file run.pdb (PDB, C-alpha atoms and all ligand atoms)
ATOM      1  CA  MET A   1      95.119 113.951  84.097  1.00  0.00           C
ATOM      2  CA  SER A   2      91.644 112.684  84.642  1.00  0.00           C
ATOM      3  CA  GLY A   3      89.645 109.877  86.144  1.00  0.00           C
ATOM      4  CA  SER A   4      88.914 108.422  89.498  1.00  0.00           C
ATOM      5  CA  SER A   5      91.253 105.683  90.642  1.00  0.00           C
ATOM      6  CA  ASN A   6      88.526 103.183  91.391  1.00  0.00           C
ATOM      7  CA  THR A   7      87.160 103.315  87.838  1.00  0.00           C
ATOM      8  CA  ILE A   8      90.472 103.231  85.957  1.00  0.00           C
ATOM      9  CA  ASP A   9      91.863 100.001  84.529  1.00  0.00           C
ATOM     10  CA  TYR A  10      95.542  99.961  85.414  1.00  0.00           C
ATOM     11  CA  GLY A  11      95.877  96.512  83.846  1.00  0.00           C
ATOM     12  CA  PRO A  12      98.991  94.663  85.016  1.00  0.00           C
ATOM     13  CA  LEU A  13     100.125  97.734  86.994  1.00  0.00           C
ATOM     14  CA  GLN A  14      97.196  97.571  89.422  1.00  0.00           C
ATOM     15  CA  LEU A  15      98.996  95.351  91.951  1.00  0.00           C
ATOM     16  CA  LEU A  16     101.855  97.855  92.286  1.00  0.00           C
ATOM     17  CA  ILE A  17      99.696 100.543  93.920  1.00  0.00           C
ATOM     18  CA  GLY A  18     100.604 101.071  97.575  1.00  0.00           C
ATOM     19  CA  ARG A  19     103.560 101.357  99.894  1.00  0.00           C
ATOM     20  CA  TRP A  20     106.282  98.681  99.943  1.00  0.00           C
ATOM     21  CA  GLU A  21     109.270  98.161 102.227  1.00  0.00           C
ATOM     22  CA  GLY A  22     112.164  95.719 102.078  1.00  0.00           C
ATOM     23  CA  ASN A  23     115.577  95.247 103.706  1.00  0.00           C
ATOM     24  CA  LYS A  24     117.092  92.417 101.685  1.00  0.00           C
ATOM     25  CA  GLY A  25     118.499  94.523  98.855  1.00  0.00           C
ATOM     26  CA  THR A  26     121.839  93.897  97.153  1.00  0.00           C
ATOM     27  CA  ASP A  27     123.542  96.451  94.938  1.00  0.00           C
ATOM     28  CA  LEU A  28     126.587  95.791  92.781  1.00  0.00           C
ATOM     29  CA  ALA A  29     128.254  99.046  91.706  1.00  0.00           C
ATOM     30  CA  PRO A  30     131.462  99.835  89.803  1.00  0.00           C
ATOM     31  CA  GLU A  31     134.728 100.914  91.377  1.00  0.00           C
ATOM     32  CA  PRO A  32     137.849 102.043  89.491  1.00  0.00           C
ATOM     33  CA  GLU A  33     139.489  98.780  90.558  1.00  0.00           C
ATOM     34  CA  GLY A  34     136.727  96.170  90.603  1.00  0.00           C
ATOM     35  CA  GLU A  35     133.305  96.445  92.200  1.00  0.00           C
ATOM     36  CA  GLU A  36     131.447  97.151  95.438  1.00  0.00           C
ATOM     37  CA  SER A  37     128.553  95.128  96.862  1.00  0.00           C
ATOM     38  CA  THR A  38     126.172  96.961  99.211  1.00  0.00           C
ATOM     39  CA  ALA A  39     123.317  95.595 101.313  1.00  0.00           C
ATOM     40  CA  TYR A  40     120.381  98.012 101.441  1.00  0.00           C
ATOM     41  CA  TYR A  41     116.833  98.695 102.576  1.00  0.00           C
ATOM     42  CA  GLU A  42     114.246 100.736 100.726  1.00  0.00           C
ATOM     43  CA  THR A  43     110.785 102.266 100.560  1.00  0.00           C
ATOM     44  CA  LEU A  44     108.863 102.197  97.296  1.00  0.00           C
ATOM     45  CA  ILE A  45     105.548 104.048  96.936  1.00  0.00           C
ATOM     46  CA  PHE A  46     103.248 103.763  93.916  1.00  0.00           C
ATOM     47  CA  GLU A  47     100.240 106.098  93.613  1.00  0.00           C
ATOM     48  CA  ASP A  48      97.489 106.022  91.025  1.00  0.00           C
ATOM     49  CA  ALA A  49      97.773 109.131  88.859  1.00  0.00           C
ATOM     50  CA  GLY A  50      94.724 108.791  86.595  1.00  0.00           C
ATOM     51  CA  THR A  51      94.811 108.753  82.823  1.00  0.00           C
ATOM     52  CA  VAL A  52      96.249 110.875  80.024  1.00  0.00           C
ATOM     53  CA  THR A  53      95.135 111.069  76.405  1.00  0.00           C
ATOM     54  CA  ASN A  54      97.833 111.605  73.775  1.00  0.00           C
ATOM     55  CA  ALA A  55      97.010 113.101  70.344  1.00  0.00           C
ATOM     56  CA  GLU A  56      93.313 112.471  71.072  1.00  0.00           C
ATOM     57  CA  GLN A  57      94.023 108.817  70.467  1.00  0.00           C
ATOM     58  CA  GLN A  58      96.246 106.986  72.929  1.00  0.00           C
ATOM     59  CA  ILE A  59      94.964 106.534  76.465  1.00  0.00           C
ATOM     60  CA  LEU A  60      97.483 105.729  79.183  1.00  0.00           C
ATOM     61  CA  ALA A  61      96.681 104.701  82.755  1.00  0.00           C
ATOM     62  CA  VAL A  62      99.450 106.115  84.926  1.00  0.00           C
ATOM     63  CA  LEU A  63     101.125 105.297  88.251  1.00  0.00           C
ATOM     64  CA  ARG A  64     103.575 107.713  89.848  1.00  0.00           C
ATOM     65  CA  TYR A  65     106.300 106.306  92.142  1.00  0.00           C
ATOM     66  CA  HIS A  66     109.161 107.236  94.424  1.00  0.00           C
ATOM     67  CA  GLN A  67     111.944 104.854  95.493  1.00  0.00           C
ATOM     68  CA  GLN A  68     114.283 105.681  98.378  1.00  0.00           C
ATOM     69  CA  VAL A  69     117.225 103.394  99.103  1.00  0.00           C
ATOM     70  CA  ASN A  70     119.564 103.432 102.118  1.00  0.00           C
ATOM     71  CA  ARG A  71     122.672 101.435 102.999  1.00  0.00           C
ATOM     72  CA  LEU A  72     122.015  98.975 105.818  1.00  0.00           C
ATOM     73  CA  SER A  73     125.389  99.473 107.492  1.00  0.00           C
ATOM     74  CA  ASP A  74     125.104 103.227 108.153  1.00  0.00           C
ATOM     75  CA  ASP A  75     121.675 104.372 106.833  1.00  0.00           C
ATOM     76  CA  LYS A  76     123.296 106.541 104.168  1.00  0.00           C
ATOM     77  CA  ALA A  77     120.982 107.329 101.229  1.00  0.00           C
ATOM     78  CA  ILE A  78     122.505 105.606  98.186  1.00  0.00           C
ATOM     79  CA  HIS A  79     119.762 105.882  95.582  1.00  0.00           C
ATOM     80  CA  ASP A  80     116.691 108.022  94.880  1.00  0.00           C
ATOM     81  CA  GLU A  81     114.410 107.509  91.916  1.00  0.00           C
ATOM     82  CA  ILE A  82     111.142 108.982  90.699  1.00  0.00           C
ATOM     83  CA  GLY A  83     109.087 108.115  87.674  1.00  0.00           C
ATOM     84  CA  TYR A  84     105.948 106.745  86.119  1.00  0.00           C
ATOM     85  CA  TRP A  85     104.653 103.397  84.999  1.00  0.00           C
ATOM     86  CA  MET A  86     102.141 103.632  82.131  1.00  0.00           C
ATOM     87  CA  TRP A  87      99.689 101.092  80.704  1.00  0.00           C
ATOM     88  CA  ASP A  88      98.381 101.293  77.141  1.00  0.00           C
ATOM     89  CA  ASP A  89      95.487  98.871  77.207  1.00  0.00           C
ATOM     90  CA  ALA A  90      94.696  99.129  73.474  1.00  0.00           C
ATOM     91  CA  GLU A  91      98.228  98.129  72.461  1.00  0.00           C
ATOM     92  CA  GLN A  92      99.029  96.029  75.566  1.00  0.00           C
ATOM     93  CA  ILE A  93     102.210  98.039  76.138  1.00  0.00           C
ATOM     94  CA  ILE A  94     103.835  98.807  79.491  1.00  0.00           C
ATOM     95  CA  MET A  95     106.190 101.762  79.823  1.00  0.00           C
ATOM     96  CA  HIS A  96     108.474 102.844  82.651  1.00  0.00           C
ATOM     97  CA  SER A  97     110.006 106.309  82.714  1.00  0.00           C
ATOM     98  CA  LEU A  98     112.519 107.100  85.459  1.00  0.00           C
ATOM     99  CA  THR A  99     114.841 109.837  86.583  1.00  0.00           C
ATOM    100  CA  ILE A 100     117.755 109.585  89.008  1.00  0.00           C
ATOM    101  CA  PRO A 101     119.649 112.550  90.460  1.00  0.00           C
ATOM    102  CA  ARG A 102     122.867 111.693  88.628  1.00  0.00           C
ATOM    103  CA  ALA A 103     121.292 113.364  85.550  1.00  0.00           C
ATOM    104  CA  VAL A 104     120.200 110.137  83.903  1.00  0.00           C
ATOM    105  CA  CYS A 105     116.703 109.471  82.466  1.00  0.00           C
ATOM    106  CA  ILE A 106     115.343 106.256  81.000  1.00  0.00           C
ATOM    107  CA  LEU A 107     112.209 105.405  79.069  1.00  0.00           C
ATOM    108  CA  ALA A 108     111.875 101.615  79.043  1.00  0.00           C
ATOM    109  CA  GLY A 109     109.007  99.673  77.549  1.00  0.00           C
ATOM    110  CA  ALA A 110     107.737  96.378  76.218  1.00  0.00           C
ATOM    111  CA  THR A 111     104.658  94.585  75.038  1.00  0.00           C
ATOM    112  CA  TYR A 112     103.044  93.028  78.086  1.00  0.00           C
ATOM    113  CA  VAL A 113     102.827  89.251  78.118  1.00  0.00           C
ATOM    114  CA  ALA A 114     100.165  88.081  80.560  1.00  0.00           C
ATOM    115  CA  ASN A 115     100.588  84.943  82.617  1.00  0.00           C
ATOM    116  CA  PRO A 116      97.988  82.559  81.135  1.00  0.00           C
ATOM    117  CA  THR A 117      97.446  80.700  84.417  1.00  0.00           C
ATOM    118  CA  THR A 118      96.883  83.460  87.003  1.00  0.00           C
ATOM    119  CA  THR A 119      96.057  87.125  87.476  1.00  0.00           C
ATOM    120  CA  ASP A 120      97.090  87.006  91.163  1.00  0.00           C
ATOM    121  CA  ARG A 121     100.745  87.358  90.281  1.00  0.00           C
ATOM    122  CA  VAL A 122     102.118  89.652  87.566  1.00  0.00           C
ATOM    123  CA  GLU A 123     105.514  89.769  85.878  1.00  0.00           C
ATOM    124  CA  LEU A 124     106.551  93.127  84.397  1.00  0.00           C
ATOM    125  CA  LYS A 125     109.588  93.162  82.095  1.00  0.00           C
ATOM    126  CA  VAL A 126     110.883  96.290  80.380  1.00  0.00           C
ATOM    127  CA  SER A 127     114.130  97.331  78.752  1.00  0.00           C
ATOM    128  CA  ALA A 128     115.886 100.263  77.082  1.00  0.00           C
ATOM    129  CA  LYS A 129     119.091 100.714  75.102  1.00  0.00           C
ATOM    130  CA  ILE A 130     120.942 103.878  74.276  1.00  0.00           C
ATOM    131  CA  ASP A 131     120.657 103.276  70.504  1.00  0.00           C
ATOM    132  CA  ASP A 132     117.140 101.808  70.504  1.00  0.00           C
ATOM    133  CA  PRO A 133     114.716 103.936  68.446  1.00  0.00           C
ATOM    134  CA  ASN A 134     111.787 103.170  70.793  1.00  0.00           C
ATOM    135  CA  TRP A 135     113.041 102.760  74.376  1.00  0.00           C
ATOM    136  CA  SER A 136     116.117 104.771  75.174  1.00  0.00           C
ATOM    137  CA  ILE A 137     118.324 106.635  77.654  1.00  0.00           C
ATOM    138  CA  ILE A 138     119.216 110.313  78.066  1.00  0.00           C
ATOM    139  CA  GLN A 139     122.039 111.594  80.264  1.00  0.00           C
ATOM    140  CA  SER A 140     124.125 114.667  80.903  1.00  0.00           C
ATOM    141  CA  PRO A 141     127.268 115.323  78.859  1.00  0.00           C
ATOM    142  CA  PHE A 142     129.373 114.427  81.914  1.00  0.00           C
ATOM    143  CA  MET A 143     127.657 111.068  82.415  1.00  0.00           C
ATOM    144  CA  ARG A 144     127.758 110.325  78.682  1.00  0.00           C
ATOM    145  CA  ASP A 145     131.519 110.835  78.721  1.00  0.00           C
ATOM    146  CA  LYS A 146     132.456 109.393  82.135  1.00  0.00           C
ATOM    147  CA  ALA A 147     129.804 106.975  83.411  1.00  0.00           C
ATOM    148  CA  LYS A 148     127.538 106.193  80.478  1.00  0.00           C
ATOM    149  CA  THR A 149     124.425 104.084  80.953  1.00  0.00           C
ATOM    150  CA  ILE A 150     124.109 102.074  77.741  1.00  0.00           C
ATOM    151  CA  ALA A 151     121.342  99.605  78.578  1.00  0.00           C
ATOM    152  CA  PHE A 152     118.675  98.931  81.196  1.00  0.00           C
ATOM    153  CA  GLU A 153     116.674  95.786  81.942  1.00  0.00           C
ATOM    154  CA  GLN A 154     114.166  95.366  84.715  1.00  0.00           C
ATOM    155  CA  GLN A 155     111.862  92.632  85.899  1.00  0.00           C
ATOM    156  CA  ILE A 156     109.287  93.021  88.668  1.00  0.00           C
ATOM    157  CA  ASN A 157     107.210  90.189  90.087  1.00  0.00           C
ATOM    158  CA  VAL A 158     104.323  91.367  92.214  1.00  0.00           C
ATOM    159  CA  ASP A 159     101.347  89.833  93.990  1.00  0.00           C
ATOM    160  CA  ALA A 160      99.027  90.990  96.778  1.00  0.00           C
ATOM    161  CA  THR A 161     101.698  90.951  99.504  1.00  0.00           C
ATOM    162  CA  SER A 162     105.140  90.733  97.928  1.00  0.00           C
ATOM    163  CA  LEU A 163     107.185  92.563  95.278  1.00  0.00           C
ATOM    164  CA  THR A 164     110.529  91.289  93.956  1.00  0.00           C
ATOM    165  CA  TYR A 165     112.675  93.039  91.376  1.00  0.00           C
ATOM    166  CA  GLN A 166     115.932  92.585  89.530  1.00  0.00           C
ATOM    167  CA  GLU A 167     117.440  95.300  87.368  1.00  0.00           C
ATOM    168  CA  THR A 168     120.682  95.715  85.478  1.00  0.00           C
ATOM    169  CA  MET A 169     122.156  98.950  84.207  1.00  0.00           C
ATOM    170  CA  VAL A 170     125.000  98.317  81.758  1.00  0.00           C
ATOM    171  CA  LEU A 171     127.552 101.076  82.357  1.00  0.00           C
ATOM    172  CA  ASP A 172     130.556 102.206  80.371  1.00  0.00           C
ATOM    173  CA  ILE A 173     132.764 103.512  83.199  1.00  0.00           C
ATOM    174  CA  TYR A 174     136.432 103.467  84.235  1.00  0.00           C
ATOM    175  CA  GLY A 175     137.359 102.073  80.815  1.00  0.00           C
ATOM    176  CA  LYS A 176     135.247  98.928  81.195  1.00  0.00           C
ATOM    177  CA  ILE A 177     131.698  97.702  80.645  1.00  0.00           C
ATOM    178  CA  PHE A 178     130.120  96.990  84.031  1.00  0.00           C
ATOM    179  CA  ASN A 179     126.775  95.384  84.910  1.00  0.00           C
ATOM    180  CA  HIS A 180     125.521  97.597  87.761  1.00  0.00           C
ATOM    181  CA  SER A 181     122.708  95.533  89.305  1.00  0.00           C
ATOM    182  CA  ASP A 182     120.126  95.669  92.057  1.00  0.00           C
ATOM    183  CA  GLU A 183     117.637  93.255  93.529  1.00  0.00           C
ATOM    184  CA  ASN A 184     115.299  93.274  96.479  1.00  0.00           C
ATOM    185  CA  THR A 185     112.150  91.701  97.877  1.00  0.00           C
ATOM    186  CA  LEU A 186     109.620  94.040  99.501  1.00  0.00           C
ATOM    187  CA  SER A 187     106.449  93.523 101.510  1.00  0.00           C
ATOM    188  CA  ARG A 188     103.263  95.505 101.168  1.00  0.00           C
ATOM    189  CA  CYS A 189     102.649  97.885 104.080  1.00  0.00           C
ATOM    190  CA  ARG A 190      99.168  98.370 105.457  1.00  0.00           C
ATOM    191  CA  ASN A 191      99.307 102.183 105.819  1.00  0.00           C
TER     192      ASN A 191
HETATM  193  C1  LIG B 201     118.153 100.178  93.780  1.00  0.00           C
HETATM  194  C2  LIG B 201     118.669 100.881  92.794  1.00  0.00           C
HETATM  195  C3  LIG B 201     120.075 101.444  92.800  1.00  0.00           C
HETATM  196  C4  LIG B 201     121.004 101.491  93.798  1.00  0.00           C
HETATM  197  C5  LIG B 201     120.885 101.000  95.227  1.00  0.00           C
HETATM  198  C6  LIG B 201     122.180 102.120  93.249  1.00  0.00           C
HETATM  199  C7  LIG B 201     123.342 102.351  93.950  1.00  0.00           C
HETATM  200  C8  LIG B 201     124.521 102.824  93.413  1.00  0.00           C
HETATM  201  C9  LIG B 201     125.775 102.944  94.101  1.00  0.00           C
HETATM  202  C10 LIG B 201     126.013 102.574  95.566  1.00  0.00           C
HETATM  203  C11 LIG B 201     126.680 103.435  93.227  1.00  0.00           C
HETATM  204  C12 LIG B 201     128.166 103.726  93.496  1.00  0.00           C
HETATM  205  C13 LIG B 201     128.328 105.161  93.846  1.00  0.00           C
HETATM  206  C14 LIG B 201     129.747 105.499  94.207  1.00  0.00           C
HETATM  207  O1  LIG B 201     130.661 104.786  93.785  1.00  0.00           O
HETATM  208  O2  LIG B 201     129.917 106.470  94.904  1.00  0.00           O
HETATM  209  C15 LIG B 201     125.984 103.635  91.970  1.00  0.00           C
HETATM  210  C16 LIG B 201     126.559 104.119  90.834  1.00  0.00           C
HETATM  211  C17 LIG B 201     125.885 104.388  89.673  1.00  0.00           C
HETATM  212  N1  LIG B 201     124.559 104.169  89.425  1.00  0.00           N
HETATM  213 FE1  LIG B 201     123.273 103.282  90.652  1.00  0.00          FE
HETATM  214  N2  LIG B 201     121.937 102.445  91.940  1.00  0.00           N
HETATM  215  C18 LIG B 201     120.669 102.054  91.624  1.00  0.00           C
HETATM  216  C19 LIG B 201     120.027 102.213  90.419  1.00  0.00           C
HETATM  217  C20 LIG B 201     120.544 102.873  89.351  1.00  0.00           C
HETATM  218  C21 LIG B 201     119.823 103.169  88.140  1.00  0.00           C
HETATM  219  C22 LIG B 201     118.351 102.804  87.873  1.00  0.00           C
HETATM  220  C23 LIG B 201     120.680 103.820  87.312  1.00  0.00           C
HETATM  221  C24 LIG B 201     120.466 104.363  85.938  1.00  0.00           C
HETATM  222  C25 LIG B 201     119.374 104.988  85.591  1.00  0.00           C
HETATM  223  C26 LIG B 201     121.939 103.920  88.017  1.00  0.00           C
HETATM  224  C27 LIG B 201     123.063 104.526  87.513  1.00  0.00           C
HETATM  225  C28 LIG B 201     124.272 104.597  88.157  1.00  0.00           C
HETATM  226  C29 LIG B 201     125.460 105.116  87.548  1.00  0.00           C
HETATM  227  C30 LIG B 201     125.567 105.691  86.139  1.00  0.00           C
HETATM  228  C31 LIG B 201     126.477 104.977  88.492  1.00  0.00           C
HETATM  229  C32 LIG B 201     127.959 105.330  88.304  1.00  0.00           C
HETATM  230  C33 LIG B 201     128.306 106.591  88.981  1.00  0.00           C
HETATM  231  C34 LIG B 201     129.645 106.482  89.671  1.00  0.00           C
HETATM  232  O3  LIG B 201     129.915 105.478  90.340  1.00  0.00           O
HETATM  233  O4  LIG B 201     130.394 107.417  89.557  1.00  0.00           O
HETATM  234  N3  LIG B 201     121.821 103.338  89.252  1.00  0.00           N
HETATM  235  N4  LIG B 201     124.676 103.264  92.113  1.00  0.00           N
END
call {"tool": "encode", "arguments": {"input": "run.pdb", "output": "C-alpha cells", "more": "lines below"}}
Ligand code: HEM
result
Amino acid sequence: MSGSSNTIDYGPLQLLIGRWEGNKGTDLAPEPEGEESTAYYETLIFEDAGTVTNAEQQILAVLRYHQQVNRLSDDKAIHDEIGYWMWDDAEQIIMHSLTIPRAVCILAGATYVANPTTTDRVELKVSAKIDDPNWSIIQSPFMRDKAKTIAFEQQINVDATSLTYQETMVLDIYGKIFNHSDENTLSRCRN
C-alpha cells in the first residue's frame, strides 16, 4: 500500500471516510416459520488505506471499513462486517469486498455512474450473484448447504453529514428464498 491520504483521489468513495453512527436501522431476517424484524443501531468506520497497483497496471484507491451492529432492545451484537471499498479511476469501477463471521464473503462491483448535477451527494450501487463471473459470493460448505447467500445488492447515498444505505441479501434457507434486508441512516461523527 502506498500514498498519503491527502494526495490520493478516492473518487466517489471520498465522502465515506470517517466515523458514522445511526440508530434507525431495520433488519429483516429469516426464521423457519416466517421472518423476524429487528430495530438496530450501528457504528460504521471508513479509513483511507492508500493505493495498490495490480499487475503493474491497475491502480486502486482503497478504503478499509468496519461495521458493528447491535439490537436496540437489548444491545446484543447482531452483525459484524469488515471489508474494503476500492475505486478504479481509469475504468470508473467501484468494488466492495466484505466478510462476515458466518463464513460468507462477497465481492460486489459495478461501473460508477456519477450524478451529473452535483458532487456533494454520491450514490454508490454494487451487486454480486453467486453465478456471476465478475462479482460473486464465497461461503463455507455449511452455509452453501443450509443458508446459502445467492445474491447481494447494495445502495449507499452519502453526503457531508448523512449516510443512508439499503441492502438485500437473497438467501436460500429453510426451504425458501428469502430477501434478508437492512437499511439505516447514519450521521457523521466529529471525532
Ligand atoms: C446491517 C447488516 C446486517 C444485519 C443487522 C444482519 C442481521 C441478521 C440477523 C439478526 C439474522 C438472524 C440470525 C438468527 O436467526 O439467529 C441474520 C441472518 C443471516 N444473515 Fe445477516 N445481517 C446483516 C447483513 C448480512 C450480510 C451482508 C450477509 C451476507 C454477506 C448476511 C447473511 C446472513 C445469513 C446467511 C443469515 C442466515 C443465518 C441464519 O439465520 O441461520 N447478513 N442476519
call {"tool": "resolve_selection", "arguments": {"input": "run.pdb", "expression": "the PyMOL selection byres (((not hetatm)) within 7 of (chain B and resi 201))", "output": "PyMOL selection string"}}
result
chain A and resi 27+29-31+38+40+69+78-79+99-100+104-106+143+147-149+169+171+180+182-183
call {"tool": "write_last_selection", "arguments": {"input": "run.pdb", "atoms": "C-alpha atoms", "output": "PDB file, in the frame of the given file"}}
result
ATOM      1  CA  ASP A  27     123.542  96.451  94.938  1.00  0.00           C
ATOM      2  CA  ALA A  29     128.254  99.046  91.706  1.00  0.00           C
ATOM      3  CA  PRO A  30     131.462  99.835  89.803  1.00  0.00           C
ATOM      4  CA  GLU A  31     134.728 100.914  91.377  1.00  0.00           C
ATOM      5  CA  THR A  38     126.172  96.961  99.211  1.00  0.00           C
ATOM      6  CA  TYR A  40     120.381  98.012 101.441  1.00  0.00           C
ATOM      7  CA  VAL A  69     117.225 103.394  99.103  1.00  0.00           C
ATOM      8  CA  ILE A  78     122.505 105.606  98.186  1.00  0.00           C
ATOM      9  CA  HIS A  79     119.762 105.882  95.582  1.00  0.00           C
ATOM     10  CA  THR A  99     114.841 109.837  86.583  1.00  0.00           C
ATOM     11  CA  ILE A 100     117.755 109.585  89.008  1.00  0.00           C
ATOM     12  CA  VAL A 104     120.200 110.137  83.903  1.00  0.00           C
ATOM     13  CA  CYS A 105     116.703 109.471  82.466  1.00  0.00           C
ATOM     14  CA  ILE A 106     115.343 106.256  81.000  1.00  0.00           C
ATOM     15  CA  MET A 143     127.657 111.068  82.415  1.00  0.00           C
ATOM     16  CA  ALA A 147     129.804 106.975  83.411  1.00  0.00           C
ATOM     17  CA  LYS A 148     127.538 106.193  80.478  1.00  0.00           C
ATOM     18  CA  THR A 149     124.425 104.084  80.953  1.00  0.00           C
ATOM     19  CA  MET A 169     122.156  98.950  84.207  1.00  0.00           C
ATOM     20  CA  LEU A 171     127.552 101.076  82.357  1.00  0.00           C
ATOM     21  CA  HIS A 180     125.521  97.597  87.761  1.00  0.00           C
ATOM     22  CA  ASP A 182     120.126  95.669  92.057  1.00  0.00           C
ATOM     23  CA  GLU A 183     117.637  93.255  93.529  1.00  0.00           C
TER      24      GLU A 183
END
call {"tool": "resolve_selection", "arguments": {"input": "run.pdb", "expression": "the PyMOL selection byres (((chain A and resi 82) around 8) and not hetatm)", "output": "list in words"}}
result
Arg64, Tyr65, His66, Gln67, Asp80, Glu81, Gly83, Tyr84, Leu98, Thr99 and Ile100 of chain A
call {"tool": "resolve_selection", "arguments": {"input": "run.pdb", "expression": "the PyMOL selection byres (((chain A and resi 151) around 9) and not hetatm)", "output": "ChimeraX atom specification"}}
result
/A:127-131,136-137,149-150,152-153,168-171
call {"tool": "write_last_selection", "arguments": {"input": "run.pdb", "atoms": "C-alpha atoms", "output": "PDB file, keeping the file's coordinate frame"}}
result
ATOM      1  CA  SER A 127     114.130  97.331  78.752  1.00  0.00           C
ATOM      2  CA  ALA A 128     115.886 100.263  77.082  1.00  0.00           C
ATOM      3  CA  LYS A 129     119.091 100.714  75.102  1.00  0.00           C
ATOM      4  CA  ILE A 130     120.942 103.878  74.276  1.00  0.00           C
ATOM      5  CA  ASP A 131     120.657 103.276  70.504  1.00  0.00           C
ATOM      6  CA  SER A 136     116.117 104.771  75.174  1.00  0.00           C
ATOM      7  CA  ILE A 137     118.324 106.635  77.654  1.00  0.00           C
ATOM      8  CA  THR A 149     124.425 104.084  80.953  1.00  0.00           C
ATOM      9  CA  ILE A 150     124.109 102.074  77.741  1.00  0.00           C
ATOM     10  CA  PHE A 152     118.675  98.931  81.196  1.00  0.00           C
ATOM     11  CA  GLU A 153     116.674  95.786  81.942  1.00  0.00           C
ATOM     12  CA  THR A 168     120.682  95.715  85.478  1.00  0.00           C
ATOM     13  CA  MET A 169     122.156  98.950  84.207  1.00  0.00           C
ATOM     14  CA  VAL A 170     125.000  98.317  81.758  1.00  0.00           C
ATOM     15  CA  LEU A 171     127.552 101.076  82.357  1.00  0.00           C
TER      16      LEU A 171
END
call {"tool": "atom_distance", "arguments": {"input": "run.pdb", "atom1": "atom CA of Ala39 of chain A", "atom2": "atom CA of Met86 of chain A"}}
result
29.7 Å
call {"tool": "residues_around", "arguments": {"input": "run.pdb", "residues": "Leu15 of chain A", "least_positions_apart": "5", "cutoff": "9 Å", "atoms": "all atoms listed in the file", "output": "ChimeraX atom specification"}}
result
/A:10,120-122,158-160
